[in-house]
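Asks: Next comes the structure file target26.txt, holding compact mmCIF, C-alpha atoms.
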# COMPACT_ATOMS: atom_id res chain seq x y z
CA MET A 11 133.44 127.74 42.11
CA LYS A 12 133.12 126.15 45.54
CA ASN A 13 136.06 125.51 47.79
CA VAL A 14 137.20 124.89 51.37
CA PHE A 15 140.67 126.10 52.41
CA LYS A 16 142.71 126.95 55.49
CA LEU A 17 143.42 130.55 56.47
CA ALA A 18 146.68 131.84 57.94
CA SER A 19 144.87 132.23 61.26
CA GLY A 20 144.30 128.48 61.38
CA LYS A 21 140.57 128.75 60.71
CA TRP A 22 138.83 127.24 57.69
CA ARG A 23 136.79 129.01 55.09
CA PHE A 24 134.09 127.96 52.69
CA GLU A 25 134.04 130.12 49.60
CA CYS A 26 131.62 130.20 46.67
CA LEU A 27 131.04 132.41 43.65
CA LEU A 28 127.27 132.61 43.31
CA LYS A 29 125.78 134.58 40.41
CA GLY A 30 128.91 136.74 40.15
CA LYS A 31 128.97 137.45 43.91
CA LEU A 32 131.61 135.98 46.22
CA TYR A 33 130.06 134.22 49.23
CA ARG A 34 132.27 133.35 52.24
CA LYS A 35 131.76 131.66 55.62
CA THR A 36 134.47 130.91 58.21
CA PHE A 37 134.64 127.93 60.60
CA LYS A 38 136.93 126.81 63.40
CA THR A 39 137.59 123.36 61.92
CA LYS A 40 137.91 121.72 58.53
CA ILE A 41 135.16 119.24 59.47
CA GLU A 42 132.64 122.05 60.05
CA ALA A 43 133.61 123.76 56.79
CA GLU A 44 133.29 120.59 54.73
CA ALA A 45 129.96 119.75 56.34
CA TYR A 46 128.71 123.21 55.39
CA LYS A 47 129.93 122.66 51.83
CA ARG A 48 127.99 119.38 51.63
CA ASN A 49 124.84 121.13 52.86
CA PHE A 50 125.38 123.91 50.34
CA ASP A 51 125.78 121.40 47.52
CA SER A 52 122.61 119.61 48.61
CA SER A 53 120.65 122.84 48.70
CA GLY A 54 121.44 123.32 45.02
CA LYS A 55 119.14 120.41 44.27
CA PHE A 56 116.16 122.48 45.44
CA ASP A 57 114.58 125.45 43.78
CA LEU A 58 115.82 128.28 46.00
CA ALA A 59 113.25 130.55 44.38
CA PHE A 60 110.68 128.75 46.53
CA PHE A 61 112.22 130.22 49.66
CA LEU A 62 112.51 133.65 48.08
CA ASP A 63 108.73 133.67 47.63
CA LEU A 64 108.12 132.97 51.33
CA PRO A 65 107.25 135.89 53.64
CA PRO A 66 109.81 136.70 56.39
CA SER A 67 107.48 135.23 59.04
CA SER A 68 107.61 131.81 57.32
CA ILE A 69 111.39 131.87 57.05
CA SER A 70 111.57 132.76 60.75
CA ASP A 71 109.15 129.94 61.55
CA ILE A 72 111.35 127.42 59.73
CA LYS A 73 114.48 128.64 61.53
CA ASN A 74 112.77 128.41 64.94
CA ALA A 75 111.50 124.90 64.18
CA LEU A 76 114.99 123.75 63.15
CA ALA A 77 116.46 125.21 66.33
CA ILE A 78 114.27 123.06 68.60
CA LEU A 79 114.48 119.79 66.68
CA PRO A 80 115.39 116.75 68.76
CA LYS A 81 118.74 115.18 67.98
CA ASP A 82 118.78 112.95 64.90
CA LYS A 83 115.28 114.09 63.89
CA THR A 84 114.52 115.88 60.65
CA LEU A 85 111.97 118.64 60.42
CA GLU A 86 109.87 116.47 58.11
CA GLU A 87 109.88 113.54 60.56
CA SER A 88 108.94 115.80 63.45
CA VAL A 89 106.06 117.45 61.62
CA LYS A 90 104.68 114.09 60.50
CA LEU A 91 104.86 112.77 64.05
CA ALA A 92 103.16 115.82 65.54
CA TRP A 93 100.30 115.75 63.07
CA GLN A 94 99.47 112.16 63.98
CA PHE A 95 98.09 113.48 67.25
CA TYR A 96 96.47 116.71 66.05
CA SER A 97 92.77 116.95 65.31
CA SER A 98 90.23 119.67 64.69
CA ARG A 99 87.70 117.53 66.57
CA ASP A 100 86.46 118.61 69.99
CA LEU A 101 88.62 116.76 72.51
CA LEU A 102 86.27 117.42 75.42
CA LYS A 103 83.28 116.14 73.45
CA LEU A 104 85.17 112.93 72.62
CA ALA A 105 86.01 112.52 76.31
CA ASP A 106 82.35 112.95 77.27
CA ASP A 107 81.31 110.38 74.65
CA TYR A 108 83.90 107.95 76.03
CA ILE A 109 82.55 108.46 79.56
CA GLU A 110 79.02 107.80 78.33
CA LEU A 111 80.14 104.48 76.81
CA LYS A 112 81.64 103.47 80.14
CA LYS A 113 78.42 104.39 81.95
CA GLN A 114 76.45 102.24 79.53
CA LYS A 115 78.86 99.35 80.14
CA HIS A 116 78.36 99.78 83.89
CA ALA A 117 74.56 99.84 83.49
CA ALA A 118 74.79 96.58 81.53
CA GLY A 119 76.65 94.95 84.44
CA LYS A 120 79.93 94.70 82.52
CA LEU A 121 81.90 97.24 84.58
CA CYS A 122 82.01 97.42 88.35
CA SER A 123 81.18 100.65 90.20
CA ASP A 124 84.69 101.12 91.59
CA GLU A 125 86.27 100.84 88.16
CA LEU A 126 83.75 103.29 86.70
CA ARG A 127 84.54 105.73 89.50
CA HIS A 128 88.25 105.52 88.75
CA ILE A 129 87.68 106.05 85.02
CA LEU A 130 85.43 109.07 85.58
CA GLY A 131 87.96 110.65 87.92
CA ARG A 132 90.88 110.13 85.55
CA ILE A 133 89.11 111.32 82.41
CA ASN A 134 87.66 114.41 84.13
CA ASP A 135 91.12 115.28 85.45
CA PHE A 136 92.51 114.79 81.93
CA LYS A 137 89.84 117.14 80.55
CA ALA A 138 90.87 119.82 83.03
CA ALA A 139 94.51 119.54 81.91
CA PHE A 140 93.98 119.32 78.14
CA LYS A 141 91.25 121.41 76.54
CA SER A 142 92.08 120.56 72.92
CA PHE A 143 94.33 118.45 70.75
CA ASP A 144 96.67 121.42 70.27
CA ALA A 145 98.42 120.70 73.58
CA LEU A 146 98.63 116.93 73.12
CA PHE A 147 102.15 115.66 72.60
CA PRO A 148 103.85 112.59 74.07
CA HIS A 149 106.10 114.71 76.31
CA SER A 150 103.16 116.70 77.73
CA LEU A 151 101.29 113.46 78.46
CA LYS A 152 104.38 112.04 80.13
CA ASP A 153 104.58 115.02 82.50
CA PHE A 154 100.83 114.75 83.21
CA LEU A 155 101.02 111.05 84.05
CA LEU A 156 104.20 111.19 86.12
CA ALA A 157 102.57 113.78 88.38
CA LYS A 158 99.99 111.21 89.51
CA GLY A 159 102.13 109.57 92.17
CA SER A 160 103.53 106.08 92.64
CA ALA A 161 104.56 103.75 89.83
CA LYS A 162 101.44 101.64 90.37
CA THR A 163 99.16 104.71 90.26
CA VAL A 164 100.86 106.02 87.12
CA LYS A 165 100.45 102.62 85.47
CA ASN A 166 96.69 102.64 86.18
CA TRP A 167 96.30 106.20 84.87
CA ARG A 168 98.35 105.38 81.78
CA GLY A 169 96.06 102.46 81.00
CA THR A 170 92.89 104.58 81.21
CA ILE A 171 94.28 107.48 79.17
CA SER A 172 95.73 105.13 76.56
CA GLU A 173 92.37 103.38 76.18
CA PHE A 174 90.71 106.76 75.67
CA PHE A 175 93.17 107.60 72.86
CA ASP A 176 92.50 104.22 71.26
CA TYR A 177 88.86 105.31 71.24
CA CYS A 178 89.88 108.59 69.55
CA VAL A 179 91.77 106.63 66.89
CA MET A 180 88.72 104.41 66.35
CA GLN A 181 86.64 107.57 65.90
CA LYS A 182 89.19 108.73 63.29
CA ALA A 183 89.91 111.86 65.30
CA ILE A 184 93.66 111.17 65.37
CA ARG A 185 95.92 108.86 63.42
CA SER A 186 97.70 107.16 66.31
CA ASN A 187 97.77 106.91 70.07
CA PRO A 188 100.35 109.36 71.56
CA VAL A 189 100.76 107.24 74.69
CA ASN A 190 102.23 104.49 72.50
CA GLU A 191 105.18 106.80 71.80
CA LEU A 192 106.14 106.58 75.48
CA HIS A 193 108.04 103.50 76.57
CA ALA A 194 107.14 101.98 79.93
CA ASP A 195 110.72 102.52 81.12
CA GLU A 196 110.13 106.27 80.95
CA PHE A 197 107.64 105.86 83.79
CA ASN A 198 109.88 103.59 85.86
CA LEU A 199 107.04 101.10 86.04
CA ALA A 200 108.85 98.58 88.20
CA PRO A 201 106.93 95.97 90.21
CA THR A 202 105.47 97.20 93.46
CA SER A 203 108.14 97.41 96.14
CA LEU A 204 108.01 94.66 98.74
CA ARG A 205 107.75 97.35 101.38
CA GLU A 206 104.44 98.46 99.84
CA ILE A 207 102.83 95.07 100.54
CA GLY A 208 100.97 96.05 103.71
CA PHE A 209 99.73 92.84 105.32
CA LEU A 210 98.63 92.52 108.94
CA PRO A 211 101.05 90.89 111.39
CA LEU A 212 99.57 87.72 112.90
CA GLU A 213 98.90 89.19 116.36
CA THR A 214 97.33 92.32 114.85
CA ALA A 215 95.06 90.16 112.68
CA LYS A 216 93.94 88.19 115.76
CA ALA A 217 93.32 91.36 117.75
CA PHE A 218 91.44 93.00 114.88
CA MET A 219 89.02 90.08 114.41
CA ALA A 220 88.45 89.87 118.19
CA PHE A 221 87.78 93.62 118.23
CA LEU A 222 85.20 93.25 115.45
CA GLU A 223 83.38 90.48 117.29
CA GLY A 224 83.22 92.56 120.44
CA SER A 225 82.36 95.97 118.94
CA TYR A 226 81.37 95.61 115.27
CA PRO A 227 80.02 92.09 114.65
CA GLN A 228 78.10 93.37 111.60
CA PHE A 229 81.43 93.54 109.74
CA CYS A 230 82.72 90.08 110.66
CA ARG A 231 81.39 88.34 107.59
CA PHE A 232 82.84 91.01 105.28
CA TYR A 233 86.31 90.80 106.83
CA ALA A 234 86.29 87.01 106.98
CA LEU A 235 85.69 86.90 103.22
CA THR A 236 88.33 89.49 102.41
CA MET A 237 91.01 88.35 104.89
CA PHE A 238 90.60 84.56 104.70
CA ALA A 239 89.39 84.10 101.10
CA GLY A 240 91.20 87.04 99.46
CA ILE A 241 87.99 88.38 97.93
CA ARG A 242 88.24 91.98 96.76
CA VAL A 243 86.59 94.50 99.07
CA ALA A 244 84.41 95.76 96.20
CA GLU A 245 83.23 92.24 95.36
CA ALA A 246 82.41 90.88 98.82
CA PRO A 247 79.23 92.96 99.43
CA ARG A 248 77.83 91.77 96.07
CA LEU A 249 77.78 88.16 97.18
CA LYS A 250 74.31 86.77 97.92
CA ASP A 251 73.41 83.95 100.28
CA GLU A 252 72.61 81.62 97.40
CA TYR A 253 76.21 81.85 96.17
CA PHE A 254 77.51 80.03 99.25
CA ARG A 255 77.66 76.22 99.16
CA TYR A 256 78.31 75.45 102.84
CA ALA A 257 78.11 71.67 102.50
CA GLU A 258 80.66 71.66 99.67
CA LYS A 259 82.67 74.59 101.08
CA LYS A 260 82.50 76.50 97.82
CA ILE A 261 81.56 80.04 96.79
CA VAL A 262 80.03 80.62 93.35
CA PHE A 263 80.95 83.87 91.60
CA PRO A 264 78.63 84.93 88.74
CA ALA A 265 80.37 86.96 86.02
CA GLN A 266 78.47 90.18 86.75
CA ILE A 267 79.82 90.70 90.26
CA GLY A 268 83.56 90.26 89.70
CA LYS A 269 86.17 92.72 88.49
CA ILE A 270 87.21 90.59 85.52
CA LYS A 271 83.60 89.77 84.50
CA LYS A 272 84.15 86.03 84.32
CA ALA A 273 82.28 83.38 86.27
CA TRP A 274 84.28 81.07 88.52
CA THR A 275 83.99 79.02 91.69
CA LEU A 276 86.15 79.51 94.77
CA GLU A 277 87.07 76.24 96.43
CA ASP A 278 89.84 74.73 98.53
CA LEU A 279 89.39 77.64 100.93
CA PRO A 280 90.75 77.70 104.52
CA ASP A 281 88.63 75.97 107.15
CA ASN A 282 88.61 78.98 109.48
CA LEU A 283 86.77 80.98 106.80
CA TRP A 284 83.80 78.61 107.03
CA ALA A 285 83.75 78.87 110.81
CA TRP A 286 83.30 82.65 110.53
CA LEU A 287 80.73 82.33 107.74
CA GLU A 288 78.70 79.75 109.66
CA LYS A 289 78.60 81.83 112.84
CA TYR A 290 77.51 85.00 111.02
CA LYS A 291 75.45 83.22 108.39
CA ASN A 292 72.40 85.39 109.00
CA THR A 293 74.32 88.69 109.01
CA PRO A 294 74.38 90.76 105.79
CA ILE A 295 77.79 91.17 104.17
CA GLN A 296 78.43 94.77 105.08
CA ALA A 297 81.57 96.86 104.53
CA PRO A 298 82.43 99.61 107.01
CA SER A 299 82.17 103.22 105.90
CA SER A 300 85.24 105.37 105.24
CA TYR A 301 84.59 107.15 108.53
CA GLU A 302 84.53 103.87 110.45
CA ARG A 303 87.72 102.63 108.80
CA THR A 304 89.50 105.91 109.50
CA ASN A 305 88.26 106.59 113.01
CA SER A 306 86.81 103.49 114.68
CA PHE A 307 89.64 101.20 113.53
CA LYS A 308 92.50 103.69 113.75
CA GLN A 309 94.14 101.89 116.68
CA PHE A 310 95.16 99.09 114.27
CA ASN A 311 96.87 101.36 111.70
CA LEU A 312 95.43 99.28 108.86
CA PRO A 313 97.46 99.45 105.60
CA HIS A 314 95.80 100.04 102.24
CA ASN A 315 94.19 96.88 100.85
CA PHE A 316 95.51 94.96 103.85
CA THR A 317 92.86 92.22 103.58
CA ARG A 318 93.87 90.94 100.15
CA HIS A 319 97.57 91.53 100.81
CA SER A 320 97.31 89.56 104.04
CA PHE A 321 95.56 86.64 102.38
CA ALA A 322 98.06 86.41 99.51
CA THR A 323 101.08 86.76 101.79
CA TYR A 324 99.99 84.11 104.29
CA HIS A 325 98.57 81.73 101.68
CA LEU A 326 101.79 81.81 99.63
CA SER A 327 103.83 81.43 102.80
CA LEU A 328 101.82 78.39 103.87
CA TYR A 329 101.72 76.50 100.56
CA PHE A 330 104.60 78.07 98.60
CA ASP A 331 102.51 77.38 95.51
CA PRO A 332 101.69 80.41 93.29
CA ALA A 333 99.33 78.33 91.14
CA LYS A 334 97.25 77.39 94.19
CA THR A 335 97.05 81.00 95.42
CA SER A 336 96.37 82.26 91.90
CA LYS A 337 93.24 80.10 91.61
CA ILE A 338 91.75 81.92 94.58
CA THR A 339 92.97 85.49 94.05
CA ARG A 340 92.59 85.41 90.22
CA ASN A 341 95.96 87.15 89.94
CA SER A 342 98.64 85.74 87.66
CA GLU A 343 101.28 83.49 89.17
CA GLN A 344 104.02 85.84 87.98
CA MET A 345 102.36 88.84 89.61
CA LEU A 346 102.21 86.95 92.90
CA ARG A 347 105.91 86.14 92.62
CA ASP A 348 106.82 89.72 91.71
CA HIS A 349 104.85 91.30 94.54
CA TYR A 350 104.91 88.80 97.39
CA TRP A 351 107.81 86.38 96.91
CA GLY A 352 110.23 88.39 99.01
CA ALA A 353 107.72 89.25 101.77
CA LEU A 354 106.79 85.73 102.87
CA VAL A 355 106.63 84.69 106.53
CA ASP A 356 107.52 81.34 108.08
CA LYS A 357 105.13 78.45 107.53
CA GLU A 358 104.08 78.12 111.18
CA THR A 359 103.05 81.79 111.32
CA ALA A 360 101.08 81.41 108.09
CA LYS A 361 99.37 78.30 109.45
CA ALA A 362 98.37 80.19 112.61
CA TYR A 363 96.84 82.99 110.51
CA PHE A 364 94.38 80.56 108.97
CA GLU A 365 93.56 79.23 112.43
CA ILE A 366 92.07 82.53 113.62
CA LEU A 367 88.58 81.53 114.72
CA PRO A 368 85.50 83.29 116.09
CA LYS A 369 84.56 83.03 119.72
CA ILE A 370 82.56 79.92 120.56
Write the structure described by the file as structure tokens, please.
Replies:
Amino acid sequence: MKNVFKLASGKWRFECLLKGKLYRKTFKTKIEAEAYKRNFDSSGKFDLAFFLDLPPSSISDIKNALAILPKDKTLEESVKLAWQFYSSRDLLKLADDYIELKKQKHAAGKLCSDELRHILGRINDFKAAFKSFDALFPHSLKDFLLAKGSAKTVKNWRGTISEFFDYCVMQKAIRSNPVNELHADEFNLAPTSLREIGFLPLETAKAFMAFLEGSYPQFCRFYALTMFAGIRVAEAPRLKDEYFRYAEKKIVFPAQIGKIKKAWTLEDLPDNLWAWLEKYKNTPIQAPSSYERTNSFKQFNLPHNFTRHSFATYHLSLYFDPAKTSKITRNSEQMLRDHYWGALVDKETAKAYFEILPKI
């Protein structure tokens, strides 16, 4: 006998005669009582003797697990999900093996030094935070990644860590990549704010180049390439004299020196670039040290990555043609629109930027 009925107090009671013993449970509402009855009926489909054979610690474990289940998730679903990311393999050893692969790729000329440095830093930091697979769950990775700073920084970290987990899957250490359980929206990975695009104002750019000529001429060729051709600061020092075609006004990029490891040719570059390159033709392409950038140039308050940001901003402002700028920067047209479209200057100012010339 199983029944649900209303008490004089207004509460509802579930009542059942089980093996000659009356079992009762009281609820505030009829809905709760009927739901309990349905659960009770369902439980009759299982062999309850199974639970009687379990030790008290196991029963307690089941109750605790049910208490912390996410909404709309069954215990079975949750356990299956968790075990996709568990492994008895040595997480730190897998991380070291992954690092070694990246070092080999760098030695083969297929990964630039800056990118390798970033990967080593991120993976070593990950190793310090997670010693084994026991602590690896999507929510713990989310907290780890969000602590890394800006949306752009988090996105870069997420890419490295996700690639490492893809490696773990390939090594059959885990069944799936836990980072894939985290949607990008959870990281608020919006495009870089327009305010973060730190390009040099025209007068500052003029003053900076004049300052270099007067005090640090050894850096003029480096800054001409990065400010007036948009070449990445890590790539410029790798350029050799034989890559410059002065008569044709072209720069040849072999695959091994670029970030994306593809060969291309830079052409249709601003005329003022060639004036700087001609004047300092016999000067090595030399980047300033961190100390020089921080101390010797501090009067200019130079923003991060200002050279490439300045080129893209002024070039887009001058031509209003993302495809044209994309061919030089090797960034996608959509990325240029997302990051620079709202930060453009007037055409005359942009034209004057590409008329900054060395002293005669």
Asks: Name the residues in contact with range 330-344 of chain A at a cut-off of 7 Å, using all atoms listed in the file, excluding same-chain residues fewer than 5 positions from it; report them as a list in words.
Replies: Gly240, Ile241, Leu276, Ala322 and His325 of chain A
Asks: Please identify all polymer residues within 7 Å of range 207-220 of chain A, counting all atoms listed in the file, omitting same-chain residues fewer than 4 positions from it, and present them as a PyMOL selection string.
Replies: chain A and resi 224+313-314+316+319-320+363+366
Asks: I want to know what sits within 12 Å of Pro188 in chain A, based on only C-alpha atoms, with residues of the same chain fewer than 5 positions away left out; could you give that as a PyMOL selection string?
Replies: chain A and resi 91-96+143+145-152+168+171-176+178-179+193
Asks: Hey, can you check how far CA of Glu245 in chain A sits from CA of Lys369 in chain A?
Replies: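 Atom-to-atom, CA of Glu245 in chain A to CA of Lys369 in chain A, that is 26.1 Å.
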Asks: As an exercise, work out the distance from CA of Pro247 in chain A to CA of Phe310 in chain A in Å and give it to one decimal place.
Replies: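 So the answer is 22.6 Å.
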Asks: Could you work out how far CA of Gln266 in chain A lies from CA of Ala118 in chain A, giving the answer in Å with one decimal?
Replies: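 Those two atoms sit 9.0 Å apart.
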Asks: Might you pull out every residue within 7 Å of range 225-229 of chain A, with all atoms listed in the file counted and same-chain residues fewer than 2 positions away left off, and present them as a list in words?
Replies: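 Near neighbours after the sequence-gap exclusion: Phe221, Leu222, Glu223, Arg231, Phe232, Tyr233, Thr293, Gln296, Ala297 and Pro298 of chain A.
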